[in-house]
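S.K.: Pasting a structure below so you can have a look.
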Amino acid sequence: MRIRAERDDLADVLTRAGRAVGTRSPLPILQGVLCEVAGGRLTVTGTDNEVTVRTYLEVEVTEEGSTVIPAKLAADAVRKLPSGAVTLSTEDGHVVITGNGPEFKLREMSAEDFPKVSDGSGGEEITVDGDALIKALGQVGVAASADDARPTLTGVLFEADEESLRLVATDSYRLAVREVPGVATEGSRLIPYRALRELGRTVGGGSMQVILGEREASFVTDQGRLTVRIIDASFPNYRQLLPDGHSNRLTVDKAGLIEAVGRAALVAEDHIPVRLAMHSGGVELSVIRQEVGEASELLEADYSGDEMTIAFNTRYLMDGISAVADEQVVIETSDPLKPGLIHGASDEDFRYLLMPVRL
């Protein structure tokens, strides 16, 4: 195998495929990326047997072939070469990487030992704007659990109908829902969020095909393909949690609220809630921590409804506010013991339901 490509382009495809590689895998072959050259194109594949990333690059081909090279070392080696053209070839059990003088010689691994990975083809196909999907995943992902002991809650539910794609995540304390426009067919799958976080850094945005198979889901763009094994579990019935309406509505400047909650967090830390006392003049945020002190602040806001005080986990509240893509944030409540709903004043495609803390 022998190819020639621009340094930055080659480093890019190696790095993106390498993001799927498990650095602590007990199998040495899974610490490498599979490089295949055919038809004027280099295909680089990385996998940890749960998540697979394939990336593509048009290259100048002298000799076709395939090899497996250490993922991180190869990408770093290419990136450290002088700018310009880089040559990558296999010689006597080594992969030789050269560019404008410097040369790296890395021990290659057998392509035959690399696991046969699925391309995730087959299943319901959805066409979406990749950039919009990546942004939406960033919004709902804050509500996904990081606790591997509860795998069902570590995923994002993809629900497709004929008009749009709905994304849902919950860790049982908060629930995030986001609608994404797209040409869709019926389908519902639960996909690990840890893999979805890599979409933008592996296959990028632009027009994207989302393929929801029985066991795997794939995300395909011109830059590559990310395939991930779905979570085989039933997602909680979130629809019954979404309220039909609230009697109280607070509309406040997002930037000002983020700053105020951030100041309150200095006293609160994670285990102390922030109290929101809402009334016609606005909202007063306060935190009381007996061993440290307290903090309070009044924000001007529009409020309609009965005067009430509700408390939320400070970090969870900050996550929800920050995820709103609007200059004005709306917090809807009905009772200090019932969940509050957070969304944008002019955009309700994203909704964040947050359980209160009992005072």
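Residue names in the structure tokens use chain letters A, B, ... in the order shown, residue numbers from 1 in each chain, and ligand numbers from 1 in the order shown.
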So which residues of segment 147-341 of chain A fall under alpha helix (DSSP H) by DSSP, listed as JSON, numbers by chain?

M.R.: {"A": [193, 194, 195, 196, 199, 200, 201, 202, 254, 255, 256, 257, 258, 259, 260, 261, 262, 263, 264, 265, 266, 267, 268, 314, 315, 316, 317, 318, 319, 320, 321, 322, 323]}

S.K.: Give me the residues near Arg16 of chain A as a VMD selection string, where near means some atom within 7 Å (using only C-alpha atoms) and where sequence neighbours in that chain fewer than 4 positions away do not count.

M.R.: chain A and resid 12 201 to 202

S.K.: Got time to write the residues from that selection, C-alpha atoms, as a PDB file, in the first residue's frame?

M.R.:
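The resulting out.pdb:
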ATOM      1  CA  ASP A  12      -7.958  14.799  10.019  1.00  0.00           C
ATOM      2  CA  ARG A 201     -16.105  15.585  15.654  1.00  0.00           C
ATOM      3  CA  THR A 202     -16.271  12.461  13.492  1.00  0.00           C
TER       4      THR A 202
END

S.K.: Using only C-alpha atoms, which of the listed residues (A:Met208, A:Asn100, A:Thr55, A:Leu30) sits closest to Leu42 of chain A?

M.R.: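 The answer is A:Thr55, which sits nearest to Leu42 of chain A.
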
S.K.: Which residue, A:Val283, A:Val220, A:Ile272, A:Val156, has the smallest gap to Asp129 of chain A when you use only C-alpha atoms?

M.R.: A:Val220

S.K.: Nearest to Leu27 of chain A: which of A:Glu159, A:Asp76, A:Glu327, A:Asp113 is it, counting only C-alpha atoms?

M.R.: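 Under the stated criterion, the closest residue is A:Asp113.
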
S.K.: Under the rule that only C-alpha atoms are counted, which of A:Gly101, A:Leu266, A:Gly340, A:Ala17 is the nearest residue to Thr309 of chain A?

M.R.: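 Looking only at the distances to Thr309 of chain A, the closest residue turns out to be A:Gly340.
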
S.K.: If you measure from atom CA of Arg289 of chain A to atom CA of Ile321 of chain A, what distance in Å do you get, rounded to one decimal?

M.R.: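 Taking atom CA of Arg289 of chain A and atom CA of Ile321 of chain A, their separation equals 22.9 Å.
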
S.K.: Just want the 10 Å neighbourhood of Glu269 of chain A, counted on only C-alpha atoms, with same-chain residues fewer than 4 positions away dropped. Output as an MDAnalysis selection string.

M.R.: chainID A and resid 264:265 273:274 287 289 313:315

S.K.: So that I have them on file, write out the residues from the current selection with N, CA and C atoms, as a short mmCIF file (atom, residue, chain, number, x, y, z; two decimals), in the first residue's frame.

M.R.:
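Written output follows (out_31.cif):
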data_model
loop_
_atom_site.label_atom_id
_atom_site.label_comp_id
_atom_site.auth_asym_id
_atom_site.auth_seq_id
_atom_site.Cartn_x
_atom_site.Cartn_y
_atom_site.Cartn_z
N ALA A 264 -25.17 32.33 42.57
CA ALA A 264 -25.78 31.53 43.63
C ALA A 264 -25.03 30.21 43.82
N ALA A 265 -24.52 29.66 42.70
CA ALA A 265 -23.82 28.38 42.76
C ALA A 265 -22.53 28.45 43.58
N PRO A 273 -30.05 23.60 47.02
CA PRO A 273 -30.87 24.13 45.92
C PRO A 273 -30.89 25.65 45.90
N VAL A 274 -31.23 26.21 44.75
CA VAL A 274 -31.47 27.64 44.65
C VAL A 274 -32.97 27.86 44.67
N VAL A 287 -29.96 31.48 48.12
CA VAL A 287 -29.33 30.24 48.55
C VAL A 287 -28.94 30.41 50.01
N ARG A 289 -26.85 28.35 52.98
CA ARG A 289 -25.98 27.24 53.34
C ARG A 289 -25.43 27.53 54.71
N ASN A 313 -32.36 22.04 41.97
CA ASN A 313 -30.93 21.73 42.00
C ASN A 313 -30.21 22.78 41.15
N THR A 314 -29.21 23.42 41.72
CA THR A 314 -28.56 24.55 41.05
C THR A 314 -27.93 24.16 39.72
N ARG A 315 -27.22 23.04 39.69
CA ARG A 315 -26.55 22.63 38.45
C ARG A 315 -27.56 22.23 37.39
#

S.K.: Hey, what's within 8 Å of segment 114-119 of chain A if we count only C-alpha atoms and toss same-chain stuff fewer than 3 positions away? As a PDB file with C-alpha atoms, in the first residue's frame, please?

M.R.:
ATOM      1  CA  ILE A  29      -5.844  -4.629  17.372  1.00  0.00           C
ATOM      2  CA  LEU A  30      -8.636  -2.404  18.753  1.00  0.00           C
ATOM      3  CA  LEU A  34      -7.888   0.006   9.705  1.00  0.00           C
ATOM      4  CA  ASN A  49     -16.911  -2.967  19.111  1.00  0.00           C
ATOM      5  CA  THR A  52     -17.525   2.438  14.812  1.00  0.00           C
ATOM      6  CA  VAL A  68      -3.810  -1.482  10.702  1.00  0.00           C
ATOM      7  CA  SER A 110      -2.588  -7.408  10.335  1.00  0.00           C
ATOM      8  CA  ALA A 111      -5.746  -6.174   8.627  1.00  0.00           C
ATOM      9  CA  SER A 218     -25.866   4.864  11.643  1.00  0.00           C
ATOM     10  CA  ARG A 225     -20.193   7.163   8.884  1.00  0.00           C
ATOM     11  CA  THR A 227     -22.372   3.358  13.600  1.00  0.00           C
TER      12      THR A 227
END

S.K.: Report, in Å to a single decimal, how far apart atom CA of Leu242 of chain A and atom CA of Glu284 of chain A are.

M.R.: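 Distance reported for this atom pair: 26.2 Å.
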